[in-house]
>>> print(open('data.cif').read())   # mmCIF, C-alpha atoms
data_target
#
loop_
_atom_site.label_atom_id
_atom_site.label_comp_id
_atom_site.auth_asym_id
_atom_site.auth_seq_id
_atom_site.Cartn_x
_atom_site.Cartn_y
_atom_site.Cartn_z
CA MET A 1 10.05 5.00 -2.66
CA THR A 2 12.85 6.19 -4.89
CA TYR A 3 15.36 5.57 -2.13
CA ILE A 4 14.03 2.05 -1.55
CA MET A 5 14.28 1.30 -5.26
CA SER A 6 17.82 2.66 -5.38
CA LEU A 7 18.69 0.47 -2.41
CA PHE A 8 17.26 -2.58 -4.20
CA LEU A 9 19.27 -1.81 -7.33
CA PHE A 10 22.48 -1.39 -5.33
CA GLY A 11 21.75 -4.67 -3.59
CA LEU A 12 21.15 -6.43 -6.91
CA VAL A 13 24.53 -5.44 -8.29
CA LEU A 14 26.39 -6.09 -5.03
CA GLY A 15 24.70 -9.47 -4.66
CA LEU A 16 25.82 -10.51 -8.14
CA VAL A 17 29.32 -9.35 -7.20
CA ALA A 18 29.08 -11.63 -4.17
CA VAL A 19 28.03 -14.56 -6.38
CA ALA A 20 30.57 -13.94 -9.14
CA SER A 21 33.60 -13.42 -6.91
CA ASN A 22 34.11 -17.17 -6.52
CA PRO A 23 33.43 -17.90 -2.84
CA SER A 24 32.48 -21.38 -1.68
CA PRO A 25 29.15 -22.60 -3.14
CA TYR A 26 27.33 -22.22 0.19
CA PHE A 27 27.98 -18.51 0.22
CA ALA A 28 27.34 -18.14 -3.51
CA ALA A 29 23.92 -19.78 -3.07
CA LEU A 30 23.20 -17.41 -0.18
CA GLY A 31 24.13 -14.44 -2.36
CA LEU A 32 21.85 -15.65 -5.14
CA VAL A 33 18.95 -15.97 -2.66
CA VAL A 34 19.51 -12.35 -1.61
CA VAL A 35 19.65 -11.26 -5.26
CA ALA A 36 16.38 -13.06 -6.04
CA GLY A 37 14.66 -11.41 -3.08
CA LEU A 38 15.84 -7.97 -4.13
CA GLY A 39 14.70 -8.68 -7.69
CA CYS A 40 11.22 -9.33 -6.30
CA GLY A 41 11.37 -5.92 -4.65
CA ILE A 42 12.38 -4.26 -7.92
CA LEU A 43 9.50 -5.87 -9.82
CA VAL A 44 7.01 -4.83 -7.12
CA GLY A 45 8.31 -1.27 -7.33
CA HIS A 46 7.59 -1.26 -11.04
CA GLY A 47 4.05 -2.53 -10.52
CA GLY A 48 4.52 -6.17 -11.49
CA HIS A 49 3.19 -7.92 -8.43
CA PHE A 50 2.26 -11.15 -10.20
CA LEU A 51 5.67 -11.56 -11.85
CA SER A 52 7.26 -10.81 -8.49
CA LEU A 53 5.18 -13.54 -6.90
CA ILE A 54 6.22 -15.96 -9.65
CA LEU A 55 9.85 -15.06 -9.06
CA PHE A 56 9.51 -15.54 -5.32
CA LEU A 57 7.56 -18.81 -5.35
CA ILE A 58 8.97 -20.61 -8.39
CA TYR A 59 12.51 -19.31 -8.56
CA LEU A 60 13.36 -18.77 -4.92
CA GLY A 61 11.14 -21.49 -3.53
CA GLY A 62 11.64 -24.15 -6.15
CA MET A 63 14.95 -23.82 -7.89
CA LEU A 64 17.20 -22.22 -5.31
CA VAL A 65 16.17 -24.73 -2.66
CA VAL A 66 17.52 -27.44 -4.95
CA PHE A 67 20.70 -25.44 -5.41
CA ALA A 68 21.14 -24.97 -1.69
CA TYR A 69 20.59 -28.70 -1.24
CA SER A 70 23.16 -29.49 -3.92
CA ALA A 71 25.72 -27.39 -2.08
CA ALA A 72 26.18 -30.45 0.13
CA LEU A 73 27.84 -32.17 -2.84
CA ALA A 74 30.46 -29.45 -2.99
CA ALA A 75 31.45 -29.65 0.64
CA GLU A 76 35.00 -28.72 1.52
CA PRO A 77 36.75 -28.61 4.87
CA TYR A 78 37.91 -24.99 4.70
CA PRO A 79 35.25 -22.94 2.91
CA GLU A 80 36.22 -19.55 1.57
CA SER A 81 33.85 -16.75 2.49
CA TRP A 82 33.98 -13.20 1.19
CA GLY A 83 36.58 -12.22 3.74
CA SER A 84 39.39 -14.42 2.49
CA ARG A 85 42.05 -12.87 0.33
CA PRO A 86 41.51 -14.26 -3.23
CA VAL A 87 37.75 -13.69 -3.00
CA MET A 88 38.34 -10.17 -1.69
CA VAL A 89 40.57 -9.41 -4.70
CA TYR A 90 37.78 -10.46 -7.07
CA ILE A 91 35.20 -8.41 -5.15
CA LEU A 92 37.37 -5.32 -5.35
CA ALA A 93 38.02 -5.85 -9.06
CA TYR A 94 34.32 -6.26 -9.88
CA VAL A 95 33.21 -3.32 -7.72
CA VAL A 96 35.83 -1.03 -9.25
CA GLY A 97 34.78 -2.17 -12.73
CA VAL A 98 31.09 -1.51 -12.05
CA VAL A 99 31.80 1.91 -10.55
CA MET A 100 34.01 2.89 -13.51
CA VAL A 101 31.38 1.85 -16.04
CA SER A 102 28.57 3.54 -14.10
CA GLY A 103 30.62 6.73 -14.10
CA GLN A 104 29.96 6.89 -17.83
CA PHE A 105 26.21 6.99 -17.22
CA TRP A 106 25.35 8.67 -13.94
CA GLY A 107 25.22 12.13 -15.44
CA GLY A 108 21.79 11.26 -16.83
CA TRP A 109 20.35 9.70 -13.68
CA TYR A 110 17.68 11.71 -11.93
CA GLU A 111 15.74 11.09 -8.78
CA THR A 112 12.49 9.81 -10.27
CA SER A 113 13.53 7.74 -13.24
CA TRP A 114 11.20 4.83 -12.52
CA VAL A 115 7.58 4.60 -13.59
CA PRO A 116 5.21 1.83 -12.47
CA VAL A 117 3.08 0.01 -15.01
CA ASP A 118 -0.18 1.75 -16.05
CA GLU A 119 1.26 4.91 -14.40
CA LEU A 120 -0.66 3.80 -11.31
CA GLY A 121 1.19 4.19 -8.06
CA GLU A 122 -1.57 2.93 -5.78
CA LEU A 123 -2.86 -0.33 -4.41
CA SER A 124 -4.75 -2.27 -7.05
CA VAL A 125 -6.01 -5.83 -7.50
CA LEU A 126 -5.76 -6.19 -11.27
CA ARG A 127 -2.58 -4.77 -12.75
CA GLY A 128 -1.23 -5.06 -16.22
CA ASP A 129 1.05 -8.03 -15.75
CA SER A 130 -1.56 -10.40 -14.33
CA GLY A 131 -3.81 -9.60 -17.28
CA GLY A 132 -0.92 -10.21 -19.66
CA VAL A 133 -0.10 -13.54 -18.07
CA ALA A 134 -3.75 -14.52 -18.41
CA LEU A 135 -3.36 -13.83 -22.12
CA MET A 136 -0.85 -16.67 -22.29
CA TYR A 137 -3.68 -19.11 -21.67
CA ALA A 138 -5.82 -17.47 -24.35
CA GLY A 139 -3.54 -16.71 -27.26
CA GLY A 140 -0.27 -18.31 -26.29
CA GLY A 141 -1.34 -21.93 -26.23
CA GLY A 142 1.39 -23.01 -28.62
CA MET A 143 4.19 -21.74 -26.41
CA LEU A 144 2.45 -23.23 -23.39
CA VAL A 145 2.44 -26.67 -25.03
CA ILE A 146 6.08 -26.26 -26.07
CA SER A 147 7.09 -25.31 -22.53
CA ALA A 148 5.27 -28.27 -21.02
CA TRP A 149 6.88 -30.57 -23.58
CA VAL A 150 10.34 -29.18 -22.81
CA LEU A 151 9.81 -29.70 -19.08
CA LEU A 152 8.70 -33.29 -19.66
CA LEU A 153 11.73 -33.89 -21.89
CA THR A 154 13.99 -32.45 -19.18
CA LEU A 155 12.53 -34.90 -16.68
CA PHE A 156 13.63 -37.83 -18.83
CA VAL A 157 17.02 -36.20 -19.52
CA VAL A 158 17.64 -35.90 -15.77
CA LEU A 159 16.55 -39.48 -15.15
CA GLU A 160 18.83 -40.78 -17.91
CA LEU A 161 21.80 -38.73 -16.72
CA THR A 162 21.60 -39.95 -13.15
CA ARG A 163 20.51 -43.54 -13.78
CA GLY A 164 23.88 -45.31 -13.89
CA LEU A 165 24.17 -49.12 -13.86
CA SER A 166 25.66 -49.04 -17.40
CA ARG A 167 22.31 -48.34 -18.99
CA GLY A 168 22.02 -44.59 -18.67
CA ALA A 169 23.41 -41.83 -20.84
CA LEU A 170 26.68 -41.81 -18.87
CA ARG A 171 28.11 -45.34 -18.66
CA ALA A 172 30.64 -44.48 -15.99
CA VAL A 173 28.14 -43.38 -13.38
CA MET B 174 20.30 4.38 -19.70
CA THR B 175 18.27 4.59 -16.51
CA PRO B 176 19.62 3.17 -13.22
CA THR B 177 17.34 0.15 -13.52
CA HIS B 178 18.65 -0.72 -16.96
CA PHE B 179 22.19 -0.24 -15.76
CA ALA B 180 21.55 -2.47 -12.74
CA PHE B 181 20.33 -5.51 -14.62
CA SER B 182 22.87 -5.04 -17.41
CA ALA B 183 25.63 -4.92 -14.81
CA ALA B 184 24.16 -8.00 -13.13
CA PHE B 185 24.23 -9.91 -16.42
CA ILE B 186 27.80 -8.87 -17.20
CA LEU B 187 28.91 -9.76 -13.67
CA GLY B 188 27.36 -13.20 -13.94
CA LEU B 189 29.05 -13.73 -17.29
CA ALA B 190 32.40 -12.60 -15.91
CA GLY B 191 32.03 -14.86 -12.91
CA LEU B 192 31.24 -17.79 -15.21
CA ALA B 193 34.21 -17.04 -17.45
CA PHE B 194 36.96 -16.35 -14.90
CA HIS B 195 38.38 -18.74 -12.39
CA ARG B 196 35.85 -21.38 -11.57
CA THR B 197 36.84 -24.04 -9.10
CA HIS B 198 33.52 -25.78 -8.45
CA LEU B 199 30.98 -26.85 -11.05
CA LEU B 200 28.25 -25.66 -8.71
CA SER B 201 29.72 -22.16 -8.68
CA ALA B 202 29.54 -22.05 -12.47
CA LEU B 203 25.90 -23.19 -12.34
CA LEU B 204 25.13 -20.52 -9.76
CA CYS B 205 26.62 -17.85 -12.03
CA LEU B 206 24.44 -19.16 -14.87
CA GLU B 207 21.45 -18.87 -12.57
CA GLY B 208 22.39 -15.28 -11.81
CA MET B 209 22.47 -14.54 -15.53
CA MET B 210 19.04 -16.11 -15.99
CA LEU B 211 17.71 -14.08 -13.06
CA SER B 212 18.94 -10.83 -14.60
CA LEU B 213 17.34 -11.84 -17.91
CA PHE B 214 14.05 -12.50 -16.10
CA ILE B 215 14.19 -9.07 -14.49
CA ALA B 216 15.09 -7.51 -17.84
CA LEU B 217 12.14 -9.07 -19.66
CA SER B 218 9.77 -8.15 -16.83
CA LEU B 219 10.96 -4.54 -16.81
CA TRP B 220 10.60 -4.38 -20.57
CA THR B 221 6.97 -5.34 -20.13
CA LEU B 222 6.35 -3.07 -17.17
CA GLN B 223 8.10 0.06 -18.32
CA LEU B 224 6.74 0.06 -21.85
CA ASP B 225 3.20 -0.84 -20.72
CA SER B 226 3.17 -3.61 -23.32
CA THR B 227 1.45 -6.08 -21.05
CA ASN B 228 0.84 -8.65 -23.78
CA LEU B 229 4.50 -9.58 -23.39
CA SER B 230 4.32 -10.39 -19.70
CA ALA B 231 4.06 -14.09 -20.54
CA SER B 232 7.61 -14.06 -21.90
CA PRO B 233 9.40 -13.94 -18.49
CA MET B 234 7.34 -16.94 -17.36
CA LEU B 235 8.33 -18.93 -20.44
CA LEU B 236 11.94 -17.90 -19.84
CA LEU B 237 11.60 -19.15 -16.28
CA ALA B 238 10.34 -22.52 -17.53
CA PHE B 239 13.33 -22.88 -19.85
CA SER B 240 15.75 -21.80 -17.13
CA ALA B 241 14.25 -24.48 -14.87
CA CYS B 242 15.18 -27.01 -17.58
CA GLU B 243 18.73 -25.64 -17.73
CA ALA B 244 19.11 -25.69 -13.96
CA SER B 245 17.82 -29.25 -13.57
CA THR B 246 20.08 -30.57 -16.35
CA GLY B 247 23.07 -28.82 -14.81
CA LEU B 248 22.32 -30.27 -11.40
CA ALA B 249 21.91 -33.74 -12.92
CA LEU B 250 25.37 -33.36 -14.47
CA LEU B 251 26.64 -32.24 -11.06
CA VAL B 252 25.23 -35.36 -9.41
CA ALA B 253 26.68 -37.59 -12.13
CA THR B 254 30.08 -35.91 -11.79
CA THR B 255 30.04 -36.33 -8.04
CA ARG B 256 29.22 -40.02 -8.42
CA THR B 257 32.03 -40.68 -10.89
CA HIS B 258 34.77 -38.44 -9.53
CA GLY B 259 33.84 -38.03 -5.88
CA THR B 260 34.05 -34.24 -6.11
CA ASP B 261 32.78 -31.48 -8.31
CA ARG B 262 36.02 -29.59 -8.78
CA LEU B 263 36.57 -28.68 -12.39
CA GLN B 264 40.26 -29.55 -12.13
CA SER B 265 39.43 -33.22 -11.65
CA LEU B 266 37.09 -33.46 -14.62
CA ASN B 267 39.84 -34.18 -17.15
CA LEU B 268 40.89 -37.36 -15.41
CA LEU B 269 40.18 -40.34 -17.63
CA GLN B 270 39.88 -42.84 -14.81
CA CYS B 271 39.72 -42.53 -11.07
#
>>> encode(input="data.cif", output="structure tokens")
Amino acid sequence: MTYIMSLFLFGLVLGLVAVASNPSPYFAALGLVVVAGLGCGILVGHGGHFLSLILFLIYLGGMLVVFAYSAALAAEPYPESWGSRPVMVYILAYVVGVVMVSGQFWGGWYETSWVPVDELGELSVLRGDSGGVALMYAGGGGMLVISAWVLLLTLFVVLELTRGLSRGALRAV
Amino acid sequence: MTPTHFAFSAAFILGLAGLAFHRTHLLSALLCLEGMMLSLFIALSLWTLQLDSTNLSASPMLLLAFSACEASTGLALLVATTRTHGTDRLQSLNLLQC
């Protein structure tokens, strides 16, 4: 389990390197999908199965699908993948930077430095995070109302930004 | 600093560096912002899970709601930019008329 978690953490950092090294947006969206999947694995390893499910369904299923769809707006005839030279230079720079900074810390890294929630490493139906999320509906009603209001406001912001016909927020559209 | 803390801190810094240096497409900048929000989600979740303070496990979900707002506004700006300029390259955004 420790090796799997280490593999997920390596994949998280390398996936962000793949996103940040300025490839074409198709490949950057692909890298972000991989990073989100590995983040789900990390949360499951720490015992947060409900938060992992939220990340997988809402983030990966809802938001990144829209991003992958929007990559069609950034189409270019000669896309740059990670193998082309300027992207490769950025990848090397970021990887060398991460390795140099991690060299400051890896003296204190031991084999079992991860602990699941509730110190329970077994299969269980009700873990701590699902109970904590249920508390949002009991005591966190104010933040729930604020979040719903913000999402509704964002809906109208998006509609005004993309309306056009000289009546929206952007006259030139 | 455990390896997990180092991993999401490095992910956040990498997303910030990718946003700051050498952007050609607006969509690439938005994807780097999404990577930063993802590392913040993982950071808040691990704070809850490692400290056993499960009352705080609603905070990553609220963060996810706000990041959905940010992502949808950014994509609306991307669509508007594509409709006015025909492309989403950041070099063409300082044209006054096209």
>>> resolve_selection(input="data.cif", expression="the PyMOL selection byres ((chain A) within 6 of (chain B))", output="PDB file with C-alpha atoms, keeping the file's coordinate frame")
ATOM      1  CA  LEU A   9      19.270  -1.810  -7.330  1.00  0.00           C
ATOM      2  CA  VAL A  13      24.530  -5.440  -8.290  1.00  0.00           C
ATOM      3  CA  LEU A  16      25.820 -10.510  -8.140  1.00  0.00           C
ATOM      4  CA  ALA A  20      30.570 -13.940  -9.140  1.00  0.00           C
ATOM      5  CA  PRO A  25      29.150 -22.600  -3.140  1.00  0.00           C
ATOM      6  CA  VAL A 117       3.080   0.010 -15.010  1.00  0.00           C
ATOM      7  CA  GLY A 128      -1.230  -5.060 -16.220  1.00  0.00           C
ATOM      8  CA  ASP A 129       1.050  -8.030 -15.750  1.00  0.00           C
ATOM      9  CA  GLY A 132      -0.920 -10.210 -19.660  1.00  0.00           C
ATOM     10  CA  VAL A 133      -0.100 -13.540 -18.070  1.00  0.00           C
ATOM     11  CA  MET A 136      -0.850 -16.670 -22.290  1.00  0.00           C
ATOM     12  CA  THR A 154      13.990 -32.450 -19.180  1.00  0.00           C
ATOM     13  CA  VAL A 158      17.640 -35.900 -15.770  1.00  0.00           C
ATOM     14  CA  THR A 162      21.600 -39.950 -13.150  1.00  0.00           C
ATOM     15  CA  VAL A 173      28.140 -43.380 -13.380  1.00  0.00           C
TER      16      VAL A 173
END
>>> atom_distance(input="data.cif", atom1="CA of Gly37 (chain A)", atom2="CA of Leu144 (chain A)")
26.5 Å
>>> resolve_selection(input="data.cif", expression="the PyMOL selection byres ((chain A and resi 39-53) around 7)", output="list in words")
Met5, Phe8, Leu12, Val35, Ala36, Gly37, Leu38, Ile54, Leu55, Phe56, Leu57, Val115, Pro116, Val117, Asp129 and Ser130 of chain A; Ile215 and Leu222 of chain B
>>> closest_residue(input="data.cif", among="A:Tyr137, A:Tyr110, A:Phe27, A:Tyr3", to="Phe67 (chain A)", atoms="only C-alpha atoms")
A:Phe27
>>> closest_residue(input="data.cif", among="A:Leu64, A:Ser6, A:Met1, A:Val150", to="Leu32 (chain A)", atoms="all atoms listed in the file")
A:Leu64
>>> atom_distance(input="data.cif", atom1="CA of Ser81 (chain A)", atom2="CA of Ala29 (chain A)")
11.8 Å
>>> build_atoms(input="data.cif", residues="region 235-256 of chain B", atoms="N, CA, C and O atoms", output="PDB file, in the frame of the given file")
ATOM      1  N   LEU B 235       7.791 -17.892 -19.558  1.00  0.00           N
ATOM      2  CA  LEU B 235       8.330 -18.930 -20.440  1.00  0.00           C
ATOM      3  C   LEU B 235       9.840 -19.035 -20.275  1.00  0.00           C
ATOM      4  O   LEU B 235      10.412 -20.136 -20.279  1.00  0.00           O
ATOM      5  N   LEU B 236      10.501 -17.877 -20.100  1.00  0.00           N
ATOM      6  CA  LEU B 236      11.940 -17.900 -19.840  1.00  0.00           C
ATOM      7  C   LEU B 236      12.255 -18.636 -18.547  1.00  0.00           C
ATOM      8  O   LEU B 236      13.235 -19.386 -18.468  1.00  0.00           O
ATOM      9  N   LEU B 237      11.378 -18.464 -17.552  1.00  0.00           N
ATOM     10  CA  LEU B 237      11.600 -19.150 -16.280  1.00  0.00           C
ATOM     11  C   LEU B 237      11.443 -20.652 -16.433  1.00  0.00           C
ATOM     12  O   LEU B 237      12.196 -21.432 -15.831  1.00  0.00           O
ATOM     13  N   ALA B 238      10.504 -21.079 -17.278  1.00  0.00           N
ATOM     14  CA  ALA B 238      10.340 -22.520 -17.530  1.00  0.00           C
ATOM     15  C   ALA B 238      11.596 -23.089 -18.196  1.00  0.00           C
ATOM     16  O   ALA B 238      12.105 -24.148 -17.794  1.00  0.00           O
ATOM     17  N   PHE B 239      12.130 -22.373 -19.185  1.00  0.00           N
ATOM     18  CA  PHE B 239      13.330 -22.880 -19.850  1.00  0.00           C
ATOM     19  C   PHE B 239      14.543 -22.847 -18.926  1.00  0.00           C
ATOM     20  O   PHE B 239      15.400 -23.724 -18.980  1.00  0.00           O
ATOM     21  N   SER B 240      14.620 -21.836 -18.057  1.00  0.00           N
ATOM     22  CA  SER B 240      15.750 -21.800 -17.130  1.00  0.00           C
ATOM     23  C   SER B 240      15.638 -22.896 -16.083  1.00  0.00           C
ATOM     24  O   SER B 240      16.661 -23.373 -15.577  1.00  0.00           O
ATOM     25  N   ALA B 241      14.397 -23.329 -15.764  1.00  0.00           N
ATOM     26  CA  ALA B 241      14.250 -24.480 -14.870  1.00  0.00           C
ATOM     27  C   ALA B 241      14.815 -25.728 -15.534  1.00  0.00           C
ATOM     28  O   ALA B 241      15.470 -26.555 -14.879  1.00  0.00           O
ATOM     29  N   CYS B 242      14.599 -25.866 -16.851  1.00  0.00           N
ATOM     30  CA  CYS B 242      15.180 -27.010 -17.580  1.00  0.00           C
ATOM     31  C   CYS B 242      16.696 -26.970 -17.516  1.00  0.00           C
ATOM     32  O   CYS B 242      17.355 -27.987 -17.246  1.00  0.00           O
ATOM     33  N   GLU B 243      17.266 -25.783 -17.760  1.00  0.00           N
ATOM     34  CA  GLU B 243      18.730 -25.640 -17.730  1.00  0.00           C
ATOM     35  C   GLU B 243      19.277 -25.962 -16.345  1.00  0.00           C
ATOM     36  O   GLU B 243      20.269 -26.694 -16.208  1.00  0.00           O
ATOM     37  N   ALA B 244      18.612 -25.463 -15.309  1.00  0.00           N
ATOM     38  CA  ALA B 244      19.110 -25.690 -13.960  1.00  0.00           C
ATOM     39  C   ALA B 244      19.041 -27.164 -13.585  1.00  0.00           C
ATOM     40  O   ALA B 244      19.976 -27.714 -12.992  1.00  0.00           O
ATOM     41  N   SER B 245      17.939 -27.845 -13.970  1.00  0.00           N
ATOM     42  CA  SER B 245      17.820 -29.250 -13.570  1.00  0.00           C
ATOM     43  C   SER B 245      18.809 -30.111 -14.331  1.00  0.00           C
ATOM     44  O   SER B 245      19.379 -31.051 -13.764  1.00  0.00           O
ATOM     45  N   THR B 246      19.080 -29.799 -15.606  1.00  0.00           N
ATOM     46  CA  THR B 246      20.080 -30.570 -16.350  1.00  0.00           C
ATOM     47  C   THR B 246      21.471 -30.350 -15.777  1.00  0.00           C
ATOM     48  O   THR B 246      22.265 -31.294 -15.655  1.00  0.00           O
ATOM     49  N   GLY B 247      21.773 -29.095 -15.407  1.00  0.00           N
ATOM     50  CA  GLY B 247      23.070 -28.820 -14.810  1.00  0.00           C
ATOM     51  C   GLY B 247      23.258 -29.535 -13.491  1.00  0.00           C
ATOM     52  O   GLY B 247      24.329 -30.078 -13.207  1.00  0.00           O
ATOM     53  N   LEU B 248      22.189 -29.585 -12.679  1.00  0.00           N
ATOM     54  CA  LEU B 248      22.320 -30.270 -11.400  1.00  0.00           C
ATOM     55  C   LEU B 248      22.411 -31.773 -11.585  1.00  0.00           C
ATOM     56  O   LEU B 248      23.073 -32.461 -10.800  1.00  0.00           O
ATOM     57  N   ALA B 249      21.765 -32.310 -12.643  1.00  0.00           N
ATOM     58  CA  ALA B 249      21.910 -33.740 -12.920  1.00  0.00           C
ATOM     59  C   ALA B 249      23.343 -34.056 -13.321  1.00  0.00           C
ATOM     60  O   ALA B 249      23.913 -35.082 -12.894  1.00  0.00           O
ATOM     61  N   LEU B 250      23.953 -33.169 -14.125  1.00  0.00           N
ATOM     62  CA  LEU B 250      25.370 -33.360 -14.470  1.00  0.00           C
ATOM     63  C   LEU B 250      26.246 -33.254 -13.238  1.00  0.00           C
ATOM     64  O   LEU B 250      27.249 -33.966 -13.118  1.00  0.00           O
ATOM     65  N   LEU B 251      25.875 -32.366 -12.307  1.00  0.00           N
ATOM     66  CA  LEU B 251      26.640 -32.240 -11.060  1.00  0.00           C
ATOM     67  C   LEU B 251      26.573 -33.524 -10.248  1.00  0.00           C
ATOM     68  O   LEU B 251      27.596 -34.003  -9.739  1.00  0.00           O
ATOM     69  N   VAL B 252      25.374 -34.113 -10.158  1.00  0.00           N
ATOM     70  CA  VAL B 252      25.230 -35.360  -9.410  1.00  0.00           C
ATOM     71  C   VAL B 252      26.006 -36.484 -10.074  1.00  0.00           C
ATOM     72  O   VAL B 252      26.706 -37.267  -9.406  1.00  0.00           O
ATOM     73  N   ALA B 253      25.936 -36.551 -11.420  1.00  0.00           N
ATOM     74  CA  ALA B 253      26.680 -37.590 -12.130  1.00  0.00           C
ATOM     75  C   ALA B 253      28.179 -37.422 -11.947  1.00  0.00           C
ATOM     76  O   ALA B 253      28.914 -38.400 -11.739  1.00  0.00           O
ATOM     77  N   THR B 254      28.655 -36.174 -11.983  1.00  0.00           N
ATOM     78  CA  THR B 254      30.080 -35.910 -11.790  1.00  0.00           C
ATOM     79  C   THR B 254      30.525 -36.289 -10.388  1.00  0.00           C
ATOM     80  O   THR B 254      31.603 -36.858 -10.197  1.00  0.00           O
ATOM     81  N   THR B 255      29.672 -35.986  -9.411  1.00  0.00           N
ATOM     82  CA  THR B 255      30.040 -36.330  -8.040  1.00  0.00           C
ATOM     83  C   THR B 255      30.081 -37.846  -7.858  1.00  0.00           C
ATOM     84  O   THR B 255      30.921 -38.370  -7.121  1.00  0.00           O
ATOM     85  N   ARG B 256      29.203 -38.567  -8.573  1.00  0.00           N
ATOM     86  CA  ARG B 256      29.220 -40.020  -8.420  1.00  0.00           C
ATOM     87  C   ARG B 256      30.404 -40.654  -9.123  1.00  0.00           C
ATOM     88  O   ARG B 256      30.918 -41.682  -8.682  1.00  0.00           O
TER      89      ARG B 256
END
